$ cat upload_32.csv   # CSV, C-alpha atoms
chain,number,residue,atom,x,y,z
A,1,MET,CA,75.5,101.1,110.8
A,2,ASP,CA,78.8,100.4,108.9
A,3,SER,CA,79.2,97.2,107.0
A,4,TYR,CA,81.8,94.8,108.5
A,5,THR,CA,84.1,95.6,105.6
A,6,GLU,CA,83.9,99.3,106.4
A,7,ILE,CA,84.6,98.5,110.1
A,8,ASN,CA,87.7,96.6,108.9
A,9,ALA,CA,88.9,99.5,106.8
A,10,GLU,CA,88.5,101.9,109.7
A,11,THR,CA,90.3,99.4,112.0
A,12,ILE,CA,93.2,99.0,109.6
A,13,ASP,CA,93.5,102.8,109.2
A,14,ARG,CA,93.8,103.0,113.0
A,15,TRP,CA,96.4,100.2,113.1
A,16,VAL,CA,98.5,101.9,110.5
A,17,GLU,CA,98.4,105.1,112.5
A,18,GLU,CA,99.6,103.1,115.5
A,19,GLY,CA,102.6,101.6,113.6
A,20,TRP,CA,101.1,98.3,112.3
A,21,LYS,CA,103.8,96.1,110.9
A,22,TRP,CA,101.9,95.6,107.6
A,23,GLY,CA,101.3,99.3,107.2
A,24,ILE,CA,104.9,100.5,107.2
A,25,PRO,CA,106.1,101.5,103.7
A,26,ILE,CA,109.5,100.4,102.4
A,27,THR,CA,112.3,102.9,102.7
A,28,HIS,CA,114.2,104.6,99.9
A,29,GLU,CA,117.1,102.3,100.5
A,30,GLN,CA,114.9,99.2,100.1
A,31,TYR,CA,113.5,100.6,96.9
A,32,LEU,CA,117.0,101.1,95.5
A,33,GLU,CA,117.6,97.4,96.4
A,34,ALA,CA,114.5,96.5,94.4
A,35,LEU,CA,115.8,98.5,91.5
A,36,GLY,CA,118.9,96.5,91.7
A,37,GLY,CA,116.9,93.3,91.1
A,38,ARG,CA,116.0,92.2,94.6
A,39,LEU,CA,112.4,90.8,94.4
A,40,ASP,CA,111.9,90.3,98.1
A,41,VAL,CA,108.2,90.2,99.0
A,42,VAL,CA,106.0,88.1,101.3
A,43,LEU,CA,102.5,86.6,101.0
A,44,THR,CA,102.6,85.2,104.6
A,45,PRO,CA,104.4,86.4,107.7
A,46,THR,CA,107.9,85.2,107.3
A,47,LYS,CA,108.8,83.3,104.1
A,48,THR,CA,109.8,85.2,100.9
A,49,VAL,CA,107.9,84.3,97.8
A,50,PRO,CA,110.1,82.2,95.5
A,51,THR,CA,111.2,84.3,92.5
A,52,GLU,CA,110.3,81.4,90.1
A,53,TRP,CA,106.7,81.9,91.1
A,54,PHE,CA,106.7,85.2,89.1
A,55,GLY,CA,108.8,84.6,86.0
A,56,ASP,CA,109.7,87.8,84.1
A,57,ILE,CA,107.3,90.4,85.4
A,58,LYS,CA,108.7,93.3,83.4
A,59,GLY,CA,105.9,94.9,81.4
A,60,LYS,CA,103.3,92.5,83.0
A,61,LYS,CA,100.0,93.9,84.3
A,62,LEU,CA,100.0,93.2,88.1
A,63,LEU,CA,97.1,93.6,90.5
A,64,GLY,CA,98.0,94.0,94.2
A,65,LEU,CA,94.7,92.7,95.8
A,66,ALA,CA,94.2,94.1,99.3
A,67,SER,CA,97.9,94.7,99.1
A,68,GLY,CA,98.2,98.4,100.1
A,69,GLY,CA,100.7,99.8,102.5
A,70,GLY,CA,103.7,100.6,100.2
A,71,GLN,CA,105.5,97.3,100.8
A,72,GLN,CA,105.1,95.0,97.9
A,73,MET,CA,103.9,97.3,95.1
A,74,PRO,CA,107.0,99.5,95.0
A,75,VAL,CA,109.1,96.3,94.6
A,76,PHE,CA,107.0,95.2,91.6
A,77,CYS,CA,107.1,98.7,90.1
A,78,ALA,CA,110.9,98.7,90.5
A,79,ALA,CA,111.0,95.4,88.6
A,80,GLY,CA,109.2,96.9,85.7
A,81,ALA,CA,105.6,95.7,86.2
A,82,ASP,CA,102.6,97.8,85.3
A,83,CYS,CA,101.0,97.9,88.7
A,84,THR,CA,97.5,98.5,90.1
A,85,VAL,CA,96.8,98.3,93.8
A,86,MET,CA,93.3,97.7,95.2
A,87,ASP,CA,92.5,98.2,98.9
A,88,LEU,CA,89.7,99.5,101.1
A,89,SER,CA,91.9,101.2,103.6
A,90,ASP,CA,92.5,104.9,103.0
A,91,ARG,CA,95.8,104.9,105.0
A,92,GLN,CA,97.2,101.9,103.2
A,93,LEU,CA,96.4,103.6,99.8
A,94,GLU,CA,97.9,106.9,101.1
A,95,SER,CA,101.2,105.0,101.7
A,96,GLU,CA,101.1,103.6,98.2
A,97,ARG,CA,100.7,107.2,96.9
A,98,MET,CA,103.5,108.5,99.1
A,99,VAL,CA,106.1,106.0,98.0
A,100,ALA,CA,105.2,106.4,94.3
A,101,GLU,CA,105.6,110.1,94.6
A,102,ARG,CA,108.8,109.8,96.6
A,103,GLU,CA,110.4,107.3,94.1
A,104,GLY,CA,108.9,108.8,90.9
A,105,TYR,CA,107.0,105.8,89.4
A,106,ALA,CA,103.4,105.4,88.2
A,107,ILE,CA,100.9,103.2,89.8
A,108,SER,CA,97.1,102.9,89.5
A,109,ILE,CA,95.5,103.2,93.0
A,110,VAL,CA,92.0,101.9,93.4
A,111,LYS,CA,89.8,102.0,96.5
A,112,ALA,CA,87.4,99.1,96.4
A,113,ASP,CA,85.8,96.4,98.5
A,114,MET,CA,86.8,92.9,97.4
A,115,THR,CA,83.5,91.5,98.6
A,116,GLU,CA,81.9,93.3,95.6
A,117,SER,CA,82.6,92.9,91.9
A,118,PHE,CA,86.2,94.0,91.1
A,119,PRO,CA,86.2,97.3,89.1
A,120,PHE,CA,88.1,95.8,86.2
A,121,ASP,CA,87.3,94.3,82.9
A,122,ASP,CA,87.6,90.6,82.2
A,123,GLU,CA,91.1,89.4,81.4
A,124,THR,CA,92.9,92.5,82.5
A,125,PHE,CA,95.9,91.3,84.5
A,126,ASP,CA,98.8,88.9,84.1
A,127,ILE,CA,99.4,88.5,87.8
A,128,ILE,CA,97.4,88.9,91.0
A,129,PHE,CA,99.4,89.3,94.2
A,130,HIS,CA,97.0,88.7,97.2
A,131,PRO,CA,98.7,88.7,100.6
A,132,VAL,CA,96.9,87.3,103.7
A,133,SER,CA,93.7,89.4,103.9
A,134,ASN,CA,90.7,87.3,103.1
A,135,CYS,CA,90.5,86.5,106.8
A,136,TYR,CA,88.7,89.9,106.9
A,137,ILE,CA,85.8,88.7,104.6
A,138,LYS,CA,83.2,86.0,105.0
A,139,ASP,CA,82.9,84.7,101.4
A,140,VAL,CA,86.2,83.8,99.9
A,141,GLN,CA,84.7,82.0,96.9
A,142,HIS,CA,83.6,85.3,95.5
A,143,VAL,CA,87.2,86.5,95.6
A,144,TRP,CA,88.5,83.5,93.8
A,145,ASN,CA,85.8,83.8,91.1
A,146,GLU,CA,86.6,87.5,90.6
A,147,CYS,CA,90.4,86.8,90.4
A,148,PHE,CA,89.7,84.2,87.7
A,149,ARG,CA,87.6,86.6,85.8
A,150,VAL,CA,90.1,89.5,85.7
A,151,LEU,CA,93.1,87.4,85.0
A,152,LYS,CA,94.2,86.7,81.4
A,153,HIS,CA,94.4,83.1,80.2
A,154,GLY,CA,97.8,81.9,81.5
A,155,GLY,CA,97.6,84.5,84.3
A,156,VAL,CA,98.9,83.7,87.8
A,157,LEU,CA,97.3,84.1,91.1
A,158,LEU,CA,99.6,84.3,94.1
A,159,ALA,CA,97.7,84.2,97.4
A,160,GLY,CA,98.5,84.1,101.1
A,161,MET,CA,95.9,82.5,103.4
A,162,ASP,CA,95.3,81.8,107.0
A,163,ASN,CA,94.5,78.1,107.5
A,164,GLY,CA,92.1,78.8,110.4
A,165,PHE,CA,94.2,77.4,113.1
A,166,ASN,CA,94.9,80.7,114.8
A,167,PHE,CA,91.2,81.2,115.4
A,168,LEU,CA,91.0,78.3,117.9
A,169,PHE,CA,93.1,80.1,120.5
A,170,ASP,CA,92.9,83.0,122.8
A,171,GLU,CA,94.9,86.2,122.1
A,172,GLU,CA,98.0,84.8,123.8
A,173,GLY,CA,97.8,81.6,121.8
A,174,THR,CA,98.1,79.5,125.0
A,175,GLU,CA,94.5,78.3,125.4
A,176,VAL,CA,92.1,76.7,123.0
A,177,LYS,CA,89.1,79.0,123.4
A,178,TYR,CA,86.9,78.7,120.3
A,179,THR,CA,85.4,76.1,118.0
A,180,LEU,CA,85.5,76.5,114.3
A,181,PRO,CA,84.3,78.1,112.1
A,182,PHE,CA,85.0,81.5,113.6
A,183,ASP,CA,82.2,83.6,112.3
A,184,PRO,CA,81.5,86.7,114.4
A,185,LEU,CA,78.5,87.6,112.2
A,186,SER,CA,76.6,84.6,113.6
A,187,ASN,CA,78.3,84.4,117.0
A,188,PRO,CA,77.9,87.4,119.3
A,189,GLU,CA,80.5,86.1,121.8
A,190,GLN,CA,83.1,86.0,119.1
A,191,MET,CA,82.2,89.5,117.9
A,192,LYS,CA,82.5,90.9,121.4
A,193,ASP,CA,85.9,89.4,121.8
A,194,LEU,CA,87.1,90.9,118.5
A,195,GLN,CA,85.7,94.3,119.6
A,196,ASP,CA,87.3,94.1,123.0
A,197,THR,CA,90.7,93.4,121.4
A,198,ASP,CA,90.3,96.0,118.6
A,199,SER,CA,90.7,93.1,116.0
A,200,GLY,CA,88.2,94.2,113.4
A,201,VAL,CA,85.9,91.6,112.0
A,202,GLN,CA,87.7,88.4,111.1
A,203,PHE,CA,86.7,84.9,109.9
A,204,SER,CA,88.3,81.5,109.8
A,205,HIS,CA,88.4,79.6,106.5
A,206,THR,CA,89.0,76.0,105.8
A,207,LEU,CA,91.3,74.5,103.2
A,208,GLU,CA,88.2,73.5,101.3
A,209,GLU,CA,87.3,77.2,101.0
A,210,GLN,CA,90.8,78.4,100.4
A,211,LEU,CA,92.5,75.8,98.0
A,212,GLY,CA,89.3,74.0,97.0
A,213,GLY,CA,87.7,77.4,96.3
A,214,GLN,CA,90.5,78.3,93.8
A,215,LEU,CA,90.0,74.9,92.1
A,216,ARG,CA,86.2,75.4,91.9
A,217,ALA,CA,86.8,78.9,90.3
A,218,GLY,CA,88.7,77.1,87.6
A,219,PHE,CA,92.3,77.6,88.6
A,220,ILE,CA,95.1,75.0,88.3
A,221,LEU,CA,97.2,74.8,91.5
A,222,THR,CA,100.9,74.6,90.7
A,223,ASP,CA,102.7,75.1,94.0
A,224,LEU,CA,102.3,76.0,97.7
A,225,TYR,CA,104.1,76.3,100.9
A,226,GLU,CA,103.3,76.7,104.6
A,227,ASP,CA,104.4,79.4,107.1
A,228,THR,CA,104.2,80.2,110.8
A,229,ASN,CA,102.9,83.4,112.6
A,230,GLY,CA,106.4,84.8,112.8
A,231,GLU,CA,105.9,85.4,116.6
A,232,GLY,CA,104.1,83.9,119.6
A,233,ILE,CA,103.9,80.5,121.1
A,234,LEU,CA,102.6,78.8,117.9
A,235,HIS,CA,105.5,80.2,116.0
A,236,GLU,CA,107.9,79.0,118.7
A,237,HIS,CA,106.6,75.5,118.3
A,238,ASN,CA,106.8,75.8,114.5
A,239,VAL,CA,103.1,75.4,114.0
A,240,PRO,CA,102.1,76.2,110.3
A,241,CYS,CA,99.2,78.7,110.4
A,242,TYR,CA,99.4,80.1,106.9
A,243,ILE,CA,99.6,78.8,103.3
A,244,ALA,CA,100.8,80.5,100.2
A,245,SER,CA,99.6,79.2,96.8
A,246,ARG,CA,100.5,79.7,93.2
A,247,ALA,CA,97.6,79.0,90.7
A,248,VAL,CA,97.2,79.5,87.0
A,249,ARG,CA,94.1,80.4,85.0
A,250,PRO,CA,94.0,78.0,82.0

$ encode --input "upload_32.csv" --output "structure tokens"
Amino acid sequence: MDSYTEINAETIDRWVEEGWKWGIPITHEQYLEALGGRLDVVLTPTKTVPTEWFGDIKGKKLLGLASGGGQQMPVFCAAGADCTVMDLSDRQLESERMVAEREGYAISIVKADMTESFPFDDETFDIIFHPVSNCYIKDVQHVWNECFRVLKHGGVLLAGMDNGFNFLFDEEGTEVKYTLPFDPLSNPEQMKDLQDTDSGVQFSHTLEEQLGGQLRAGFILTDLYEDTNGEGILHEHNVPCYIASRAVRP
């Protein structure tokens, strides 16, 4: 039987084939805009990450953690960063390879499971860019600990996170259906609902796990902002369901 992370990788591969929003690579024209200095990337559904969160990334070693799909990494490569992307989805990594070959830049492409030890030495990276994806894993503390380990002193962790609110509602977002935590590994009803809607295996996480977990790993939190879903009734009512954070390893 496949592990839940393998199920998620297979699910995301299928979503990409079906035209998933977060699996559509940037165009050549968008890459040219990035070459012109436009650092336009997202950690959460709608808000662009403030450019001051990055500083000067030229020559910096940057890890895109669960950030495949050919959307953010090409922008960072165009800005002069030395990029590595780590993801478990073959289709997302294929998109990274395709854009790199199309635009003629170098990128290190690594297939790995973020629930395991990251395949990098201690203090390897200057920046980690981690868009919303830890909703697909049960233990987020492990991820924060590994991010701390592979970042250099003074390195920056930029992370997008679900605050758990979405997991209360049915698929349409109109009815409160579940209690938290949402943990399909211990709740067969939740697992069945995920299977019926082809949603992979997803988990809710609290702010204690998300922001508190970064602090417990040793990070210093320097900034954050909230965001909505970008669509649906909760978005229409301006309900913040996501958080983006900037944290530094001392």

$ closest_residue --input "upload_32.csv" --among "A:Phe182, A:Phe165, A:Tyr4, A:Trp22" --to "Thr115 (chain A)" --atoms "all atoms listed in the file"
A:Tyr4

$ closest_residue --input "upload_32.csv" --among "A:Thr197, A:Ser67, A:Thr174, A:Thr206" --to "Val85 (chain A)" --atoms "only C-alpha atoms"
A:Ser67

$ closest_residue --input "upload_32.csv" --among "A:Asn163, A:Asn8, A:Asn238, A:Ser3" --to "Asp90 (chain A)" --atoms "all atoms listed in the file"
A:Asn8

$ residues_near_point --input "upload_32.csv" --point "(85.7, 86.9, 123.7)" --cutoff "12 Å" --atoms "all atoms listed in the file" --output "list in words"
Phe167, Leu168, Phe169, Asp170, Glu171, Lys177, Tyr178, Phe182, Pro184, Asn187, Pro188, Glu189, Gln190, Met191, Lys192, Asp193, Leu194, Gln195, Asp196, Thr197, Asp198 and Ser199 of chain A

$ residues_around --input "upload_32.csv" --residues "Thr228 (chain A)" --least-positions-apart "2" --cutoff "12 Å" --atoms "all atoms listed in the file" --output "PyMOL selection string"
chain A and resi 43-47+160-163+165-166+225-226+230-244

$ closest_residue --input "upload_32.csv" --among "A:Leu185, A:Val201, A:Leu211, A:Leu39" --to "Thr11 (chain A)" --atoms "all atoms listed in the file"
A:Val201

$ residues_around --input "upload_32.csv" --residues "Gly23 (chain A)" --least-positions-apart "5" --cutoff "10 Å" --atoms "all atoms listed in the file" --output "list in words"
Ile12, Asp13, Trp15, Val16, Glu17, Glu18, Ser67, Gly68, Gly69, Gly70, Gln71, Arg91, Gln92, Leu93, Ser95 and Glu96 of chain A

$ write_last_selection --input "upload_32.csv" --atoms "C-alpha atoms" --output "PDB file, in the coordinates of the input"
ATOM      1  CA  ILE A  12      93.200  99.000 109.600  1.00  0.00           C
ATOM      2  CA  ASP A  13      93.500 102.800 109.200  1.00  0.00           C
ATOM      3  CA  TRP A  15      96.400 100.200 113.100  1.00  0.00           C
ATOM      4  CA  VAL A  16      98.500 101.900 110.500  1.00  0.00           C
ATOM      5  CA  GLU A  17      98.400 105.100 112.500  1.00  0.00           C
ATOM      6  CA  GLU A  18      99.600 103.100 115.500  1.00  0.00           C
ATOM      7  CA  SER A  67      97.900  94.700  99.100  1.00  0.00           C
ATOM      8  CA  GLY A  68      98.200  98.400 100.100  1.00  0.00           C
ATOM      9  CA  GLY A  69     100.700  99.800 102.500  1.00  0.00           C
ATOM     10  CA  GLY A  70     103.700 100.600 100.200  1.00  0.00           C
ATOM     11  CA  GLN A  71     105.500  97.300 100.800  1.00  0.00           C
ATOM     12  CA  ARG A  91      95.800 104.900 105.000  1.00  0.00           C
ATOM     13  CA  GLN A  92      97.200 101.900 103.200  1.00  0.00           C
ATOM     14  CA  LEU A  93      96.400 103.600  99.800  1.00  0.00           C
ATOM     15  CA  SER A  95     101.200 105.000 101.700  1.00  0.00           C
ATOM     16  CA  GLU A  96     101.100 103.600  98.200  1.00  0.00           C
TER      17      GLU A  96
END

$ closest_residue --input "upload_32.csv" --among "A:His130, A:Arg216, A:His142, A:Lys60" --to "Ser117 (chain A)" --atoms "all atoms listed in the file"
A:His142

$ closest_residue --input "upload_32.csv" --among "A:Glu6, A:Glu172, A:Asp56, A:Asp223" --to "Ala112 (chain A)" --atoms "all atoms listed in the file"
A:Glu6

$ residues_around --input "upload_32.csv" --residues "Val41 (chain A)" --least-positions-apart "5" --cutoff "7 Å" --atoms "only C-alpha atoms" --output "list of chain:residue names"
A:Thr48, A:Val49, A:Gln72

$ build_atoms --input "upload_32.csv" --residues "region 177-203 of chain A" --atoms "N, CA, C and O atoms" --output "PDB file, keeping the file's coordinate frame"
ATOM      1  N   LYS A 177      90.211  78.235 122.875  1.00  0.00           N
ATOM      2  CA  LYS A 177      89.100  79.000 123.400  1.00  0.00           C
ATOM      3  C   LYS A 177      87.818  78.803 122.534  1.00  0.00           C
ATOM      4  O   LYS A 177      86.691  78.822 123.036  1.00  0.00           O
ATOM      5  N   TYR A 178      88.001  78.661 121.218  1.00  0.00           N
ATOM      6  CA  TYR A 178      86.900  78.700 120.300  1.00  0.00           C
ATOM      7  C   TYR A 178      86.744  77.365 119.548  1.00  0.00           C
ATOM      8  O   TYR A 178      87.692  76.586 119.447  1.00  0.00           O
ATOM      9  N   THR A 179      85.566  77.128 119.009  1.00  0.00           N
ATOM     10  CA  THR A 179      85.400  76.100 118.000  1.00  0.00           C
ATOM     11  C   THR A 179      85.270  76.725 116.651  1.00  0.00           C
ATOM     12  O   THR A 179      84.941  77.906 116.542  1.00  0.00           O
ATOM     13  N   LEU A 180      85.564  75.970 115.629  1.00  0.00           N
ATOM     14  CA  LEU A 180      85.500  76.500 114.300  1.00  0.00           C
ATOM     15  C   LEU A 180      84.173  76.081 113.626  1.00  0.00           C
ATOM     16  O   LEU A 180      83.606  75.051 113.977  1.00  0.00           O
ATOM     17  N   PRO A 181      83.647  76.857 112.692  1.00  0.00           N
ATOM     18  CA  PRO A 181      84.300  78.100 112.100  1.00  0.00           C
ATOM     19  C   PRO A 181      84.143  79.262 113.080  1.00  0.00           C
ATOM     20  O   PRO A 181      83.243  79.328 113.912  1.00  0.00           O
ATOM     21  N   PHE A 182      85.092  80.181 112.923  1.00  0.00           N
ATOM     22  CA  PHE A 182      85.000  81.500 113.600  1.00  0.00           C
ATOM     23  C   PHE A 182      84.305  82.435 112.746  1.00  0.00           C
ATOM     24  O   PHE A 182      84.819  82.859 111.710  1.00  0.00           O
ATOM     25  N   ASP A 183      83.086  82.762 113.121  1.00  0.00           N
ATOM     26  CA  ASP A 183      82.200  83.600 112.300  1.00  0.00           C
ATOM     27  C   ASP A 183      81.478  84.594 113.202  1.00  0.00           C
ATOM     28  O   ASP A 183      80.403  84.295 113.708  1.00  0.00           O
ATOM     29  N   PRO A 184      82.055  85.765 113.436  1.00  0.00           N
ATOM     30  CA  PRO A 184      81.500  86.700 114.400  1.00  0.00           C
ATOM     31  C   PRO A 184      80.103  87.280 113.915  1.00  0.00           C
ATOM     32  O   PRO A 184      79.364  87.809 114.743  1.00  0.00           O
ATOM     33  N   LEU A 185      79.787  87.156 112.631  1.00  0.00           N
ATOM     34  CA  LEU A 185      78.500  87.600 112.200  1.00  0.00           C
ATOM     35  C   LEU A 185      77.349  86.758 112.682  1.00  0.00           C
ATOM     36  O   LEU A 185      76.202  87.203 112.753  1.00  0.00           O
ATOM     37  N   SER A 186      77.668  85.531 113.032  1.00  0.00           N
ATOM     38  CA  SER A 186      76.600  84.600 113.600  1.00  0.00           C
ATOM     39  C   SER A 186      76.907  84.227 115.007  1.00  0.00           C
ATOM     40  O   SER A 186      76.141  83.449 115.581  1.00  0.00           O
ATOM     41  N   ASN A 187      77.991  84.740 115.595  1.00  0.00           N
ATOM     42  CA  ASN A 187      78.300  84.400 117.000  1.00  0.00           C
ATOM     43  C   ASN A 187      78.650  85.659 117.753  1.00  0.00           C
ATOM     44  O   ASN A 187      79.752  86.207 117.670  1.00  0.00           O
ATOM     45  N   PRO A 188      77.695  86.161 118.542  1.00  0.00           N
ATOM     46  CA  PRO A 188      77.900  87.400 119.300  1.00  0.00           C
ATOM     47  C   PRO A 188      79.070  87.379 120.244  1.00  0.00           C
ATOM     48  O   PRO A 188      79.731  88.404 120.445  1.00  0.00           O
ATOM     49  N   GLU A 189      79.368  86.218 120.839  1.00  0.00           N
ATOM     50  CA  GLU A 189      80.500  86.100 121.800  1.00  0.00           C
ATOM     51  C   GLU A 189      81.813  86.377 121.024  1.00  0.00           C
ATOM     52  O   GLU A 189      82.694  87.105 121.517  1.00  0.00           O
ATOM     53  N   GLN A 190      81.948  85.789 119.839  1.00  0.00           N
ATOM     54  CA  GLN A 190      83.100  86.000 119.100  1.00  0.00           C
ATOM     55  C   GLN A 190      83.259  87.481 118.630  1.00  0.00           C
ATOM     56  O   GLN A 190      84.346  88.069 118.666  1.00  0.00           O
ATOM     57  N   MET A 191      82.152  88.079 118.258  1.00  0.00           N
ATOM     58  CA  MET A 191      82.200  89.500 117.900  1.00  0.00           C
ATOM     59  C   MET A 191      82.594  90.371 119.022  1.00  0.00           C
ATOM     60  O   MET A 191      83.404  91.295 118.852  1.00  0.00           O
ATOM     61  N   LYS A 192      82.082  90.086 120.213  1.00  0.00           N
ATOM     62  CA  LYS A 192      82.500  90.900 121.400  1.00  0.00           C
ATOM     63  C   LYS A 192      83.939  90.776 121.670  1.00  0.00           C
ATOM     64  O   LYS A 192      84.607  91.779 121.979  1.00  0.00           O
ATOM     65  N   ASP A 193      84.478  89.566 121.576  1.00  0.00           N
ATOM     66  CA  ASP A 193      85.900  89.400 121.800  1.00  0.00           C
ATOM     67  C   ASP A 193      86.745  90.158 120.818  1.00  0.00           C
ATOM     68  O   ASP A 193      87.771  90.746 121.169  1.00  0.00           O
ATOM     69  N   LEU A 194      86.340  90.167 119.556  1.00  0.00           N
ATOM     70  CA  LEU A 194      87.100  90.900 118.500  1.00  0.00           C
ATOM     71  C   LEU A 194      87.003  92.432 118.847  1.00  0.00           C
ATOM     72  O   LEU A 194      88.002  93.146 118.721  1.00  0.00           O
ATOM     73  N   GLN A 195      85.838  92.904 119.261  1.00  0.00           N
ATOM     74  CA  GLN A 195      85.700  94.300 119.600  1.00  0.00           C
ATOM     75  C   GLN A 195      86.548  94.681 120.805  1.00  0.00           C
ATOM     76  O   GLN A 195      87.193  95.739 120.831  1.00  0.00           O
ATOM     77  N   ASP A 196      86.575  93.804 121.804  1.00  0.00           N
ATOM     78  CA  ASP A 196      87.300  94.100 123.000  1.00  0.00           C
ATOM     79  C   ASP A 196      88.835  94.155 122.757  1.00  0.00           C
ATOM     80  O   ASP A 196      89.563  94.830 123.498  1.00  0.00           O
ATOM     81  N   THR A 197      89.303  93.459 121.737  1.00  0.00           N
ATOM     82  CA  THR A 197      90.700  93.400 121.400  1.00  0.00           C
ATOM     83  C   THR A 197      91.073  94.294 120.194  1.00  0.00           C
ATOM     84  O   THR A 197      92.202  94.226 119.695  1.00  0.00           O
ATOM     85  N   ASP A 198      90.115  95.087 119.723  1.00  0.00           N
ATOM     86  CA  ASP A 198      90.300  96.000 118.600  1.00  0.00           C
ATOM     87  C   ASP A 198      90.880  95.174 117.375  1.00  0.00           C
ATOM     88  O   ASP A 198      91.883  95.539 116.769  1.00  0.00           O
ATOM     89  N   SER A 199      90.208  94.064 117.051  1.00  0.00           N
ATOM     90  CA  SER A 199      90.700  93.100 116.000  1.00  0.00           C
ATOM     91  C   SER A 199      89.889  93.204 114.731  1.00  0.00           C
ATOM     92  O   SER A 199      90.051  92.332 113.864  1.00  0.00           O
ATOM     93  N   GLY A 200      89.039  94.207 114.569  1.00  0.00           N
ATOM     94  CA  GLY A 200      88.200  94.200 113.400  1.00  0.00           C
ATOM     95  C   GLY A 200      87.198  93.111 113.395  1.00  0.00           C
ATOM     96  O   GLY A 200      86.809  92.614 114.450  1.00  0.00           O
ATOM     97  N   VAL A 201      86.792  92.690 112.190  1.00  0.00           N
ATOM     98  CA  VAL A 201      85.900  91.600 112.000  1.00  0.00           C
ATOM     99  C   VAL A 201      86.560  90.522 111.201  1.00  0.00           C
ATOM    100  O   VAL A 201      86.802  90.736 110.019  1.00  0.00           O
ATOM    101  N   GLN A 202      86.902  89.394 111.813  1.00  0.00           N
ATOM    102  CA  GLN A 202      87.700  88.400 111.100  1.00  0.00           C
ATOM    103  C   GLN A 202      86.960  87.040 111.096  1.00  0.00           C
ATOM    104  O   GLN A 202      86.103  86.764 111.943  1.00  0.00           O
ATOM    105  N   PHE A 203      87.357  86.215 110.129  1.00  0.00           N
ATOM    106  CA  PHE A 203      86.700  84.900 109.900  1.00  0.00           C
ATOM    107  C   PHE A 203      87.741  83.843 109.658  1.00  0.00           C
ATOM    108  O   PHE A 203      88.751  84.064 108.987  1.00  0.00           O
TER     109      PHE A 203
END
